[in-house]
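*Asks:* Input structure: final_33.csv, which contains CSV, C-alpha atoms and all ligand atoms.
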chain,number,residue,atom,x,y,z
A,100,MET,CA,-48.1,39.8,-44.9
A,101,LYS,CA,-48.2,36.0,-44.3
A,102,ASN,CA,-48.4,34.8,-40.8
A,103,ILE,CA,-46.5,31.5,-40.3
A,104,LEU,CA,-46.8,29.5,-37.1
A,105,VAL,CA,-43.6,27.5,-36.5
A,106,THR,CA,-44.1,25.1,-33.7
A,107,GLY,CA,-40.9,23.8,-32.0
A,108,GLY,CA,-39.0,26.8,-33.5
A,109,ALA,CA,-36.7,27.0,-30.5
A,110,GLY,CA,-35.2,23.5,-31.2
A,111,PHE,CA,-32.4,22.6,-33.6
A,112,ILE,CA,-33.9,22.4,-37.1
A,113,GLY,CA,-36.8,24.7,-36.2
A,114,SER,CA,-34.5,27.6,-35.2
A,115,ASN,CA,-32.4,27.1,-38.3
A,116,TYR,CA,-35.7,27.2,-40.3
A,117,VAL,CA,-36.9,30.4,-38.6
A,118,ARG,CA,-33.6,32.2,-39.4
A,119,TYR,CA,-33.8,31.0,-43.0
A,120,ALA,CA,-37.5,31.8,-43.5
A,121,LEU,CA,-37.3,35.3,-42.2
A,122,GLN,CA,-34.4,36.0,-44.6
A,123,ALA,CA,-36.0,34.3,-47.5
A,124,HIS,CA,-39.5,35.8,-47.1
A,125,PRO,CA,-39.5,39.5,-46.3
A,126,ASP,CA,-43.3,39.5,-46.3
A,127,TRP,CA,-43.6,36.8,-43.6
A,128,HIS,CA,-44.3,37.2,-39.9
A,129,VAL,CA,-43.1,34.2,-38.0
A,130,ILE,CA,-44.7,33.2,-34.8
A,131,VAL,CA,-42.8,30.5,-32.8
A,132,LEU,CA,-44.8,28.3,-30.5
A,133,ASP,CA,-42.5,26.3,-28.3
A,134,LYS,CA,-42.9,24.6,-24.9
A,135,LEU,CA,-39.2,25.0,-24.2
A,136,THR,CA,-38.6,21.5,-23.1
A,137,TYR,CA,-35.1,20.3,-22.2
A,138,ALA,CA,-34.4,20.6,-26.0
A,139,GLY,CA,-35.9,24.0,-26.6
A,140,ASN,CA,-33.6,26.9,-26.0
A,141,LEU,CA,-34.1,30.7,-26.6
A,142,ASP,CA,-30.3,31.0,-27.1
A,143,ASN,CA,-31.0,29.3,-30.5
A,144,LEU,CA,-33.1,32.3,-31.5
A,145,ARG,CA,-31.2,35.1,-29.8
A,146,ASP,CA,-29.8,36.6,-33.0
A,147,VAL,CA,-33.2,36.2,-34.8
A,148,ALA,CA,-35.0,38.1,-32.0
A,149,GLU,CA,-32.6,41.0,-32.5
A,150,ALA,CA,-32.4,41.0,-36.3
A,151,PHE,CA,-36.1,40.6,-37.1
A,152,LYS,CA,-37.9,42.6,-34.5
A,153,GLY,CA,-41.4,43.3,-35.7
A,154,ARG,CA,-41.6,40.2,-37.9
A,155,TYR,CA,-40.9,37.6,-35.2
A,156,THR,CA,-43.0,36.7,-32.2
A,157,PHE,CA,-42.3,34.1,-29.5
A,158,VAL,CA,-45.0,32.3,-27.6
A,159,ARG,CA,-44.2,29.8,-24.9
A,160,GLY,CA,-46.8,27.0,-25.0
A,161,ASP,CA,-47.5,23.3,-25.5
A,162,ILE,CA,-48.9,22.1,-28.9
A,163,ALA,CA,-51.0,19.6,-26.9
A,164,ASP,CA,-52.7,22.5,-25.1
A,165,ARG,CA,-55.8,23.2,-27.1
A,166,GLU,CA,-56.5,26.7,-25.6
A,167,VAL,CA,-53.0,28.0,-26.3
A,168,VAL,CA,-53.0,26.6,-29.8
A,169,PHE,CA,-56.4,28.0,-30.8
A,170,GLU,CA,-55.7,31.4,-29.2
A,171,THR,CA,-52.3,31.8,-30.9
A,172,ILE,CA,-53.7,30.9,-34.3
A,173,ARG,CA,-56.7,33.3,-33.9
A,174,GLN,CA,-54.7,36.1,-32.4
A,175,HIS,CA,-52.0,36.1,-35.1
A,176,ARG,CA,-54.4,35.2,-38.0
A,177,VAL,CA,-52.1,32.3,-38.9
A,178,HIS,CA,-52.0,31.3,-42.6
A,179,ALA,CA,-49.8,28.2,-42.3
A,180,ILE,CA,-48.5,25.9,-39.6
A,181,VAL,CA,-45.0,24.3,-39.9
A,182,ASN,CA,-44.8,21.6,-37.2
A,183,PHE,CA,-41.3,20.9,-35.9
A,184,ALA,CA,-42.5,20.4,-32.3
A,185,ALA,CA,-41.6,16.9,-31.1
A,186,GLU,CA,-39.7,14.8,-28.7
A,187,SER,CA,-37.0,13.9,-31.1
A,188,HIS,CA,-34.4,11.5,-29.5
A,189,VAL,CA,-34.7,7.8,-30.0
A,190,ASP,CA,-32.7,6.9,-26.9
A,191,ARG,CA,-35.0,9.0,-24.7
A,192,SER,CA,-38.1,7.3,-26.4
A,193,ILE,CA,-36.7,3.9,-25.3
A,194,LEU,CA,-36.1,5.1,-21.7
A,195,ASN,CA,-39.6,6.8,-21.5
A,196,PRO,CA,-42.0,6.9,-24.4
A,197,ASP,CA,-44.7,8.9,-22.6
A,198,ALA,CA,-43.8,12.5,-23.8
A,199,PHE,CA,-43.5,11.1,-27.3
A,200,ILE,CA,-47.1,10.1,-27.4
A,201,MET,CA,-48.3,13.3,-25.7
A,202,THR,CA,-46.4,15.7,-28.1
A,203,ASP,CA,-45.7,13.8,-31.3
A,204,VAL,CA,-49.1,12.1,-31.5
A,205,TYR,CA,-51.6,14.0,-29.4
A,206,GLY,CA,-50.0,17.4,-30.0
A,207,THR,CA,-50.1,16.9,-33.7
A,208,TYR,CA,-53.8,16.0,-33.4
A,209,VAL,CA,-54.5,19.3,-31.5
A,210,LEU,CA,-52.7,21.2,-34.3
A,211,LEU,CA,-54.8,19.4,-36.9
A,212,GLU,CA,-58.0,20.2,-35.1
A,213,ALA,CA,-57.1,23.9,-34.9
A,214,ALA,CA,-56.0,23.9,-38.6
A,215,ARG,CA,-59.4,22.4,-39.6
A,216,GLU,CA,-61.6,24.6,-37.4
A,217,LEU,CA,-59.8,27.8,-38.0
A,218,ASN,CA,-59.3,27.3,-41.8
A,219,VAL,CA,-55.5,27.4,-41.8
A,220,GLU,CA,-54.4,27.4,-45.4
A,221,ARG,CA,-51.6,24.9,-45.0
A,222,PHE,CA,-50.4,22.4,-42.4
A,223,HIS,CA,-46.9,21.2,-43.0
A,224,GLN,CA,-45.5,18.3,-40.9
A,225,VAL,CA,-41.7,17.9,-40.4
A,226,SER,CA,-41.4,14.1,-40.4
A,227,THR,CA,-38.5,11.7,-40.6
A,228,ASP,CA,-37.0,8.8,-42.6
A,229,GLU,CA,-37.3,6.7,-39.5
A,230,VAL,CA,-41.0,6.2,-40.2
A,231,TYR,CA,-39.9,3.6,-42.9
A,232,GLY,CA,-38.0,1.5,-40.4
A,233,ASP,CA,-34.9,-0.5,-41.3
A,234,VAL,CA,-33.9,-0.4,-45.0
A,235,PRO,CA,-31.5,-3.3,-45.6
A,236,GLU,CA,-31.1,-2.4,-49.3
A,237,GLY,CA,-32.4,0.0,-51.9
A,238,ARG,CA,-33.9,3.4,-51.0
A,239,SER,CA,-37.3,4.3,-49.5
A,240,THR,CA,-39.8,5.9,-51.8
A,241,GLU,CA,-42.7,8.0,-50.5
A,242,ASP,CA,-45.2,5.2,-51.2
A,243,ASP,CA,-43.4,2.6,-49.2
A,244,PRO,CA,-45.2,1.3,-46.1
A,245,LEU,CA,-44.4,2.9,-42.7
A,246,LYS,CA,-42.8,0.3,-40.5
A,247,PRO,CA,-41.4,2.2,-37.5
A,248,ASN,CA,-39.3,0.4,-35.0
A,249,SER,CA,-38.6,2.8,-32.0
A,250,PRO,CA,-41.2,4.5,-29.9
A,251,TYR,CA,-40.0,7.8,-31.4
A,252,ALA,CA,-40.4,6.6,-35.0
A,253,ALA,CA,-43.8,5.1,-34.1
A,254,SER,CA,-45.0,8.4,-32.7
A,255,LYS,CA,-43.9,10.2,-35.9
A,256,ALA,CA,-45.6,7.6,-38.1
A,257,ALA,CA,-48.8,7.8,-36.0
A,258,ALA,CA,-48.8,11.6,-36.5
A,259,GLU,CA,-48.4,11.0,-40.3
A,260,LEU,CA,-51.4,8.7,-40.3
A,261,LEU,CA,-53.6,11.3,-38.6
A,262,ILE,CA,-52.4,13.9,-41.1
A,263,ARG,CA,-53.4,11.6,-43.9
A,264,ALA,CA,-56.8,11.0,-42.4
A,265,TYR,CA,-57.4,14.8,-42.0
A,266,ARG,CA,-56.5,15.2,-45.7
A,267,VAL,CA,-58.9,12.5,-46.8
A,268,THR,CA,-61.7,13.1,-44.4
A,269,TYR,CA,-61.7,16.9,-44.0
A,270,ASN,CA,-59.8,17.9,-47.1
A,271,LEU,CA,-57.2,19.7,-45.0
A,272,PRO,CA,-54.4,21.1,-47.1
A,273,VAL,CA,-51.4,19.2,-45.8
A,274,THR,CA,-47.9,18.4,-46.9
A,275,ILE,CA,-45.2,16.3,-45.3
A,276,THR,CA,-41.4,16.2,-45.5
A,277,ARG,CA,-39.4,13.1,-44.4
A,278,GLY,CA,-35.9,14.3,-43.6
A,279,SER,CA,-32.9,12.1,-43.0
A,280,ASN,CA,-30.3,12.4,-40.2
A,281,THR,CA,-29.6,16.1,-39.9
A,282,PHE,CA,-26.6,17.9,-38.5
A,283,GLY,CA,-25.3,21.4,-38.0
A,284,PRO,CA,-25.2,24.4,-35.6
A,285,TYR,CA,-27.6,24.4,-32.5
A,286,GLN,CA,-28.2,20.6,-32.4
A,287,TYR,CA,-28.7,19.5,-28.8
A,288,PRO,CA,-25.7,17.5,-27.7
A,289,GLU,CA,-27.5,14.2,-27.2
A,290,LYS,CA,-27.5,13.3,-30.9
A,291,LEU,CA,-24.5,11.4,-32.4
A,292,LEU,CA,-22.5,14.3,-33.9
A,293,PRO,CA,-22.9,17.1,-31.4
A,294,LEU,CA,-22.5,14.6,-28.5
A,295,PHE,CA,-19.3,13.2,-30.0
A,296,ILE,CA,-17.9,16.5,-31.1
A,297,THR,CA,-18.3,18.1,-27.6
A,298,ASN,CA,-17.1,15.0,-25.8
A,299,ALA,CA,-14.0,14.9,-28.1
A,300,ILE,CA,-13.3,18.5,-27.5
A,301,ASP,CA,-13.1,17.6,-23.8
A,302,ASP,CA,-11.1,14.3,-24.5
A,303,GLN,CA,-14.1,12.3,-23.1
A,304,PRO,CA,-14.9,8.8,-24.5
A,305,LEU,CA,-17.2,8.4,-27.5
A,306,PRO,CA,-19.9,5.7,-26.8
A,307,LEU,CA,-20.4,4.1,-30.2
A,308,TYR,CA,-23.3,1.6,-30.3
A,309,GLY,CA,-22.4,-1.9,-31.3
A,310,ASP,CA,-20.1,-2.3,-34.2
A,311,GLY,CA,-20.6,1.2,-35.5
A,312,MET,CA,-21.5,-0.2,-39.0
A,313,GLN,CA,-25.0,1.2,-39.0
A,314,VAL,CA,-25.7,3.4,-41.9
A,315,ARG,CA,-27.4,6.9,-41.8
A,316,ASP,CA,-28.0,9.3,-44.6
A,317,TRP,CA,-26.5,12.6,-43.4
A,318,LEU,CA,-28.1,15.9,-44.4
A,319,TYR,CA,-26.8,19.4,-43.6
A,320,VAL,CA,-29.4,21.5,-41.7
A,321,MET,CA,-29.3,24.2,-44.3
A,322,ASP,CA,-30.3,21.8,-47.1
A,323,HIS,CA,-33.0,20.4,-44.8
A,324,VAL,CA,-34.6,23.8,-44.1
A,325,GLN,CA,-34.5,24.8,-47.7
A,326,GLY,CA,-36.3,21.5,-48.6
A,327,ILE,CA,-39.0,22.2,-46.0
A,328,ASP,CA,-39.5,25.7,-47.3
A,329,LEU,CA,-39.7,24.6,-50.9
A,330,VAL,CA,-42.3,22.0,-50.1
A,331,LEU,CA,-44.3,24.4,-48.0
A,332,THR,CA,-44.4,27.0,-50.8
A,333,ARG,CA,-44.4,24.9,-53.9
A,334,GLY,CA,-45.2,21.3,-52.8
A,335,GLU,CA,-48.4,19.6,-53.9
A,336,VAL,CA,-51.1,19.4,-51.3
A,337,GLY,CA,-51.6,15.9,-49.9
A,338,GLU,CA,-48.1,14.8,-50.8
A,339,ALA,CA,-45.1,13.6,-48.8
A,340,TYR,CA,-41.5,14.3,-49.9
A,341,ASN,CA,-38.3,12.6,-48.9
A,342,LEU,CA,-35.4,15.0,-48.1
A,343,GLY,CA,-32.3,12.8,-48.0
A,344,GLY,CA,-28.7,13.9,-48.0
A,345,GLU,CA,-27.8,11.2,-50.6
A,346,ASN,CA,-24.9,10.7,-48.3
A,347,GLU,CA,-25.0,7.3,-46.7
A,348,ARG,CA,-22.2,6.5,-44.3
A,349,HIS,CA,-21.3,4.1,-41.6
A,350,ASN,CA,-21.4,5.7,-38.2
A,351,ILE,CA,-17.8,4.8,-37.5
A,352,ASP,CA,-16.7,6.5,-40.7
A,353,VAL,CA,-18.5,9.7,-39.7
A,354,VAL,CA,-17.0,9.6,-36.3
A,355,ARG,CA,-13.5,9.0,-37.7
A,356,MET,CA,-13.9,12.0,-40.1
A,357,MET,CA,-15.0,14.2,-37.3
A,358,LEU,CA,-12.0,13.2,-35.1
A,359,ALA,CA,-9.6,13.9,-38.0
A,360,ILE,CA,-11.1,17.4,-38.4
A,361,LEU,CA,-10.8,18.1,-34.7
A,362,GLY,CA,-7.3,16.6,-34.5
A,363,LYS,CA,-8.3,14.1,-31.8
A,364,PRO,CA,-7.3,10.4,-31.6
A,365,GLU,CA,-9.5,7.5,-32.6
A,366,SER,CA,-8.7,5.9,-29.2
A,367,LEU,CA,-11.5,8.0,-27.8
A,368,ILE,CA,-14.0,5.6,-29.5
A,369,ARG,CA,-15.6,3.0,-27.2
A,370,HIS,CA,-17.8,0.3,-28.6
A,371,VAL,CA,-20.7,0.0,-26.1
A,372,ALA,CA,-23.8,-2.1,-25.8
A,373,ASP,CA,-26.1,-1.5,-28.7
A,374,ARG,CA,-29.4,0.4,-28.7
A,375,PRO,CA,-32.3,-2.1,-28.5
A,376,GLY,CA,-34.2,-2.3,-31.9
A,377,HIS,CA,-31.5,-0.3,-33.6
A,378,ASP,CA,-32.3,0.2,-37.3
A,379,ARG,CA,-29.2,-0.8,-39.3
A,380,ARG,CA,-29.8,1.5,-42.2
A,381,TYR,CA,-31.9,4.3,-43.6
A,382,ALA,CA,-31.8,5.5,-47.1
A,383,LEU,CA,-34.1,7.8,-49.1
A,384,ASP,CA,-35.0,8.1,-52.7
A,385,THR,CA,-35.1,11.9,-53.3
A,386,ARG,CA,-36.4,12.0,-56.9
A,387,LYS,CA,-39.8,13.5,-55.9
A,388,ALA,CA,-38.2,16.5,-54.1
A,389,ARG,CA,-35.7,16.9,-56.8
A,390,ALA,CA,-38.5,17.2,-59.4
A,391,LEU,CA,-39.7,20.2,-57.3
A,392,GLY,CA,-36.3,21.8,-57.7
A,393,TRP,CA,-34.7,20.7,-54.4
A,394,ALA,CA,-31.3,19.0,-54.0
A,395,PRO,CA,-29.0,18.5,-51.0
A,396,ARG,CA,-26.3,20.9,-52.2
A,397,SER,CA,-23.7,20.8,-49.3
A,398,ASP,CA,-20.6,18.8,-49.6
A,399,PHE,CA,-20.5,16.5,-46.5
A,400,GLU,CA,-16.9,17.1,-45.5
A,401,SER,CA,-17.1,20.9,-45.7
A,402,ALA,CA,-20.5,20.9,-43.9
A,403,LEU,CA,-19.0,18.7,-41.1
A,404,ARG,CA,-16.0,20.9,-40.9
A,405,GLU,CA,-18.2,24.0,-40.5
A,406,THR,CA,-20.3,22.2,-37.9
A,407,VAL,CA,-17.2,21.1,-35.9
A,408,GLU,CA,-15.9,24.7,-36.0
A,409,TRP,CA,-19.2,26.0,-34.8
A,410,TYR,CA,-19.1,23.8,-31.7
A,411,VAL,CA,-15.5,24.8,-31.1
A,412,ASN,CA,-16.3,28.5,-31.3
A,413,ASN,CA,-19.6,28.3,-29.4
A,414,ALA,CA,-18.7,26.4,-26.2
A,415,TRP,CA,-20.8,29.0,-24.3
A,416,TRP,CA,-23.9,27.5,-26.0
A,417,TRP,CA,-23.3,23.8,-25.3
A,418,ARG,CA,-21.4,23.9,-22.0
A,419,LYS,CA,-24.5,25.4,-20.3
A,420,ILE,CA,-26.6,22.5,-21.6
A,421,LYS,CA,-24.1,19.8,-20.7
A,422,SER,CA,-23.7,21.1,-17.1
A,423,GLY,CA,-27.5,21.0,-16.4
A,424,ASP,CA,-30.1,18.2,-16.3
A,425,PHE,CA,-28.2,16.6,-19.2
A,426,LYS,CA,-25.8,15.0,-16.8
A,427,GLU,CA,-28.5,12.8,-15.3
A,428,PHE,CA,-29.6,11.7,-18.8
A,429,TYR,CA,-26.0,11.0,-19.7
A,430,ARG,CA,-25.5,8.9,-16.6
A,431,ARG,CA,-28.6,6.9,-17.2
A,432,GLN,CA,-27.9,6.3,-20.8
A,433,TYR,CA,-24.1,5.7,-20.8
A,434,ALA,CA,-22.6,5.1,-17.3
A,435,GLU,CA,-23.1,1.3,-17.3
A,436,ARG,CA,-22.4,1.0,-21.0
A,437,LEU,CA,-19.1,2.9,-20.7
A,438,ALA,CA,-18.1,0.9,-17.6
A,439,GLN,CA,-18.6,-2.3,-19.5
A,440,ALA,CA,-17.0,-1.1,-22.8
A,441,GLN,CA,-14.0,-2.9,-24.2
B,501,LIG,P1,-35.2,19.2,-31.1
B,501,LIG,O1,-35.5,18.2,-30.1
B,501,LIG,O2,-33.9,20.0,-31.2
B,501,LIG,O3,-36.4,20.4,-30.9
B,501,LIG,C1,-37.7,20.1,-30.6
B,501,LIG,C2,-38.4,21.4,-30.2
B,501,LIG,O4,-39.8,21.2,-30.0
B,501,LIG,C3,-37.8,22.0,-29.0
B,501,LIG,O5,-37.6,23.4,-29.1
B,501,LIG,C4,-38.9,21.7,-27.9
B,501,LIG,O6,-38.9,22.7,-26.8
B,501,LIG,C5,-40.1,21.8,-28.8
B,501,LIG,N1,-41.2,21.0,-28.2
B,501,LIG,C6,-41.2,19.7,-27.7
B,501,LIG,N2,-42.4,19.4,-27.2
B,501,LIG,C7,-43.2,20.4,-27.4
B,501,LIG,C8,-44.6,20.7,-27.2
B,501,LIG,N3,-45.4,19.7,-26.6
B,501,LIG,N4,-45.1,21.8,-27.5
B,501,LIG,C9,-44.3,22.8,-28.1
B,501,LIG,N5,-43.0,22.6,-28.4
B,501,LIG,C10,-42.5,21.5,-28.0
B,501,LIG,O7,-35.6,18.5,-32.5
B,501,LIG,P2,-35.0,18.7,-34.0
B,501,LIG,O8,-33.9,17.8,-34.1
B,501,LIG,O9,-34.9,20.1,-34.3
B,501,LIG,O10,-36.3,18.1,-34.8
B,501,LIG,C11,-37.3,18.9,-35.2
B,501,LIG,C12,-38.3,18.1,-36.0
B,501,LIG,O11,-37.7,17.5,-37.1
B,501,LIG,C13,-38.9,17.0,-35.2
B,501,LIG,O12,-40.3,16.9,-35.5
B,501,LIG,C14,-38.2,15.7,-35.7
B,501,LIG,O13,-39.0,14.6,-35.6
B,501,LIG,C15,-37.9,16.1,-37.1
B,501,LIG,N6,-36.7,15.5,-37.7
B,501,LIG,C16,-35.5,15.6,-37.1
B,501,LIG,C17,-34.3,15.0,-37.7
B,501,LIG,C18,-33.0,15.1,-37.0
B,501,LIG,O14,-32.0,14.5,-37.5
B,501,LIG,N7,-32.8,15.9,-36.0
B,501,LIG,C19,-34.5,14.4,-38.9
B,501,LIG,C20,-35.7,14.4,-39.5
B,501,LIG,C21,-36.8,14.9,-38.9
B,502,LIG,P1,-28.8,9.7,-33.5
B,502,LIG,O1,-28.1,10.9,-33.6
B,502,LIG,O2,-29.4,9.4,-32.1
B,502,LIG,O3,-30.0,9.7,-34.6
B,502,LIG,P2,-31.0,8.5,-35.0
B,502,LIG,O4,-31.1,7.5,-34.0
B,502,LIG,O5,-32.2,9.3,-35.1
B,502,LIG,O6,-30.5,8.0,-36.3
B,502,LIG,O7,-27.9,8.5,-33.9
B,502,LIG,C1,-27.3,8.4,-35.1
B,502,LIG,C2,-26.6,7.0,-35.2
B,502,LIG,O8,-25.6,7.0,-34.3
B,502,LIG,C3,-27.5,5.9,-34.9
B,502,LIG,O9,-27.2,4.7,-35.7
B,502,LIG,C4,-27.2,5.6,-33.4
B,502,LIG,C5,-25.7,6.0,-33.3
B,502,LIG,N1,-25.3,6.5,-32.0
B,502,LIG,C6,-24.2,5.9,-31.3
B,502,LIG,O10,-23.6,5.0,-31.8
B,502,LIG,N2,-23.9,6.4,-30.1
B,502,LIG,C7,-24.5,7.4,-29.5
B,502,LIG,O11,-24.2,7.8,-28.3
B,502,LIG,C8,-25.6,8.0,-30.2
B,502,LIG,C9,-26.4,9.1,-29.6
B,502,LIG,C10,-26.0,7.5,-31.4
Represent the supplied structure as structure tokens.

*Replies:*
Amino acid sequence: MKNILVTGGAGFIGSNYVRYALQAHPDWHVIVLDKLTYAGNLDNLRDVAEAFKGRYTFVRGDIADREVVFETIRQHRVHAIVNFAAESHVDRSILNPDAFIMTDVYGTYVLLEAARELNVERFHQVSTDEVYGDVPEGRSTEDDPLKPNSPYAASKAAAELLIRAYRVTYNLPVTITRGSNTFGPYQYPEKLLPLFITNAIDDQPLPLYGDGMQVRDWLYVMDHVQGIDLVLTRGEVGEAYNLGGENERHNIDVVRMMLAILGKPESLIRHVADRPGHDRRYALDTRKARALGWAPRSDFESALRETVEWYVNNAWWWRKIKSGDFKEFYRRQYAERLAQAQ
């Protein structure tokens, strides 16, 4: 039996990964360590807890809490750590960067210390294409410099630099994946697609930043988790791998496609004041991950359709979220923008 610690496993990509990993590896015991912040949600793992009793354990705790981290790794004799735990939303990092430094930077440091002292066999970091910063043309390769522009991206880049240092200094067996913009079921409705899908279902306005001509490289969550799993099990120690959807689209085109699927009018779109420091474009070169045997296999339109259908059929999941603390965030982030929108 292999014991795998998945931090942040109650979030969007983490919970999809846990579900996938338990199916793909019958000899794995998965221990989720999650603080259950506003973005963490045990509803995301409800089916997993039922289907994989005996091979799945949930521990509520903070990756920045040394005692909890060391105790969990010792108690469960952890072989590998897959670190999803992070504050993950750019707009929140602009409103208040504090938690980003505490979790994404300091929390990663605590995990690295534990991995080093307790001889964990592999530390895998789930990172992002945002560490490369704005990419006006071409595609980022893994050796490109890290030039993050938002507090979120800077906190993820800082974590990567620590990981590199632990590899070089202590010979810690690390791997990194840099995923592009991910979408699919269980994504917290603050990110572009789940926010806009759920607003559109309710005929609410869609606050599109600036001209909507920013480019993101969209990756279906199933492709993303398969890439993470492949790098964890077959990637070369010390290496970083880009996981891109090879699916670059302007935001406005993604929103229009979503509205067409949902049968809602484009008049819901409002052009609102842009995000400060907004990166215009991300794009990843995926040759290195492809050489390992990975590829983004999903067709974008079908995956978007499945995602839209999931939100339509699972209103119980997102209505609970949108009726809570989320309202205060939405007001802070959008009330003035929407009032001033043309
Ligand atoms: P998410 O916000 O949905 O989930 C984050 C999870 O981490 C939540 O369950 C939360 O409770 C937990 N968490 C936060 N702080 C914690 C702490 N201090 N200790 C323990 N748990 C904590 O995020 P996501 O979109 O699933 O992203 C997961 C990872 O993937 C992040 O590291 C993010 O940087 C990275 N990533 C995300 C995307 C994307 O498009 N969403 C793309 C590339 C990489
Ligand atoms: P987001 O989902 O926040 O991901 P990221 O900032 O990590 O790329 O945003 C995706 C794109 O959509 C990004 O260019 C910002 C834009 N966007 C809007 O136009 N309006 C919104 O309300 C949100 C949340 C994002």

*Asks:* Ranking A:Ala414, A:Ala213, A:Val158, A:Ala256 by minimum distance to A:Pro244 and counting all atoms listed in the file, which one comes first?

*Replies:*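 Under the stated criterion, the closest residue is A:Ala256.
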
*Asks:* Return the single residue from A:Leu121, A:Ala394, A:Leu194, A:Leu104 that is closest to ligand LIG 501 (chain B), with distances computed using all atoms listed in the file.

*Replies:*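 Of A:Leu121, A:Ala394, A:Leu194, A:Leu104, the one nearest ligand LIG 501 (chain B), counting all atoms listed in the file, is A:Leu104.
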
*Asks:* Any idea what's packed within 7 Å of stretch 127-136 of chain A, counting all atoms listed in the file, ignoring anything in its chain fewer than 4 positions away? Could you give it as an NGL selection string?

*Replies:* :A and (100-109 or 121 or 140 or 154-161)

*Asks:* Within 7 Å of ligand LIG 501 (chain B), counting only C-alpha atoms and all ligand atoms: which residues, as a JSON list (two decimals) with C-alpha atoms, in the coordinates of the input?

*Replies:*
[["chain", "number", "residue", "atom", "x", "y", "z"],
["A", 106, "THR", "CA", -44.10, 25.10, -33.70],
["A", 107, "GLY", "CA", -40.90, 23.80, -32.00],
["A", 108, "GLY", "CA", -39.00, 26.80, -33.50],
["A", 109, "ALA", "CA", -36.70, 27.00, -30.50],
["A", 110, "GLY", "CA", -35.20, 23.50, -31.20],
["A", 111, "PHE", "CA", -32.40, 22.60, -33.60],
["A", 112, "ILE", "CA", -33.90, 22.40, -37.10],
["A", 113, "GLY", "CA", -36.80, 24.70, -36.20],
["A", 132, "LEU", "CA", -44.80, 28.30, -30.50],
["A", 133, "ASP", "CA", -42.50, 26.30, -28.30],
["A", 134, "LYS", "CA", -42.90, 24.60, -24.90],
["A", 135, "LEU", "CA", -39.20, 25.00, -24.20],
["A", 136, "THR", "CA", -38.60, 21.50, -23.10],
["A", 137, "TYR", "CA", -35.10, 20.30, -22.20],
["A", 138, "ALA", "CA", -34.40, 20.60, -26.00],
["A", 139, "GLY", "CA", -35.90, 24.00, -26.60],
["A", 140, "ASN", "CA", -33.60, 26.90, -26.00],
["A", 160, "GLY", "CA", -46.80, 27.00, -25.00],
["A", 161, "ASP", "CA", -47.50, 23.30, -25.50],
["A", 162, "ILE", "CA", -48.90, 22.10, -28.90],
["A", 163, "ALA", "CA", -51.00, 19.60, -26.90],
["A", 182, "ASN", "CA", -44.80, 21.60, -37.20],
["A", 183, "PHE", "CA", -41.30, 20.90, -35.90],
["A", 184, "ALA", "CA", -42.50, 20.40, -32.30],
["A", 185, "ALA", "CA", -41.60, 16.90, -31.10],
["A", 186, "GLU", "CA", -39.70, 14.80, -28.70],
["A", 187, "SER", "CA", -37.00, 13.90, -31.10],
["A", 188, "HIS", "CA", -34.40, 11.50, -29.50],
["A", 202, "THR", "CA", -46.40, 15.70, -28.10],
["A", 206, "GLY", "CA", -50.00, 17.40, -30.00],
["A", 225, "VAL", "CA", -41.70, 17.90, -40.40],
["A", 226, "SER", "CA", -41.40, 14.10, -40.40],
["A", 227, "THR", "CA", -38.50, 11.70, -40.60],
["A", 228, "ASP", "CA", -37.00, 8.80, -42.60],
["A", 255, "LYS", "CA", -43.90, 10.20, -35.90],
["A", 277, "ARG", "CA", -39.40, 13.10, -44.40],
["A", 278, "GLY", "CA", -35.90, 14.30, -43.60],
["A", 279, "SER", "CA", -32.90, 12.10, -43.00],
["A", 280, "ASN", "CA", -30.30, 12.40, -40.20],
["A", 281, "THR", "CA", -29.60, 16.10, -39.90],
["A", 282, "PHE", "CA", -26.60, 17.90, -38.50],
["A", 286, "GLN", "CA", -28.20, 20.60, -32.40],
["A", 287, "TYR", "CA", -28.70, 19.50, -28.80]]

*Asks:* So which one's closest to ligand LIG 502 (chain B), A:His323, A:Arg374, A:Arg165, A:His223? Using only C-alpha atoms and all ligand atoms, please.

*Replies:*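 When distances to ligand LIG 502 (chain B) are compared using only C-alpha atoms and all ligand atoms, the smallest one comes from A:Arg374.
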
*Asks:* Between A:Val314, A:Ala257, A:Met356, A:Leu245, which residue has the minimum interatomic distance to ligand LIG 502 (chain B), considering only C-alpha atoms and all ligand atoms?

*Replies:*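 Of A:Val314, A:Ala257, A:Met356, A:Leu245, the one nearest ligand LIG 502 (chain B), counting only C-alpha atoms and all ligand atoms, is A:Val314.
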
*Asks:* Per residue of chain A within 8 Å of ligand LIG 502 (chain B), what are the shortest atom pair and its distance in Å to one decimal, counting all atoms listed in the file, with rows by chain and residue number, as a tab-separated table?

*Replies:*
residue	atom	partner	partner_atom	distance
A:Ser187	CA	B:LIG502	O5	7.8
A:His188	CA	B:LIG502	O2	6.0
A:Val189	CA	B:LIG502	O4	5.4
A:Asp190	CA	B:LIG502	O2	6.6
A:Glu229	CA	B:LIG502	O5	7.2
A:Asn280	CA	B:LIG502	O6	5.9
A:Glu289	CA	B:LIG502	C9	5.7
A:Lys290	CA	B:LIG502	O1	3.7
A:Leu291	CA	B:LIG502	O1	3.8
A:Leu292	CA	B:LIG502	O1	6.6
A:Leu294	CA	B:LIG502	C9	6.8
A:Phe295	CA	B:LIG502	O11	7.5
A:Leu305	CA	B:LIG502	O11	7.1
A:Pro306	CA	B:LIG502	O11	5.0
A:Leu307	CA	B:LIG502	O10	3.7
A:Tyr308	CA	B:LIG502	O10	3.7
A:Gly309	CA	B:LIG502	O10	7.0
A:Gly311	CA	B:LIG502	O10	6.1
A:Gln313	CA	B:LIG502	O9	5.3
A:Val314	CA	B:LIG502	O9	6.5
A:Arg315	CA	B:LIG502	O6	6.4
A:Asn350	CA	B:LIG502	O8	5.9
A:Asp373	CA	B:LIG502	O10	7.6
A:Arg374	CA	B:LIG502	C4	7.3
A:His377	CA	B:LIG502	O9	6.9
A:Asp378	CA	B:LIG502	O9	7.0
A:Arg379	CA	B:LIG502	O9	6.9
A:Arg380	CA	B:LIG502	O9	7.7
A:Tyr433	CA	B:LIG502	O11	7.8
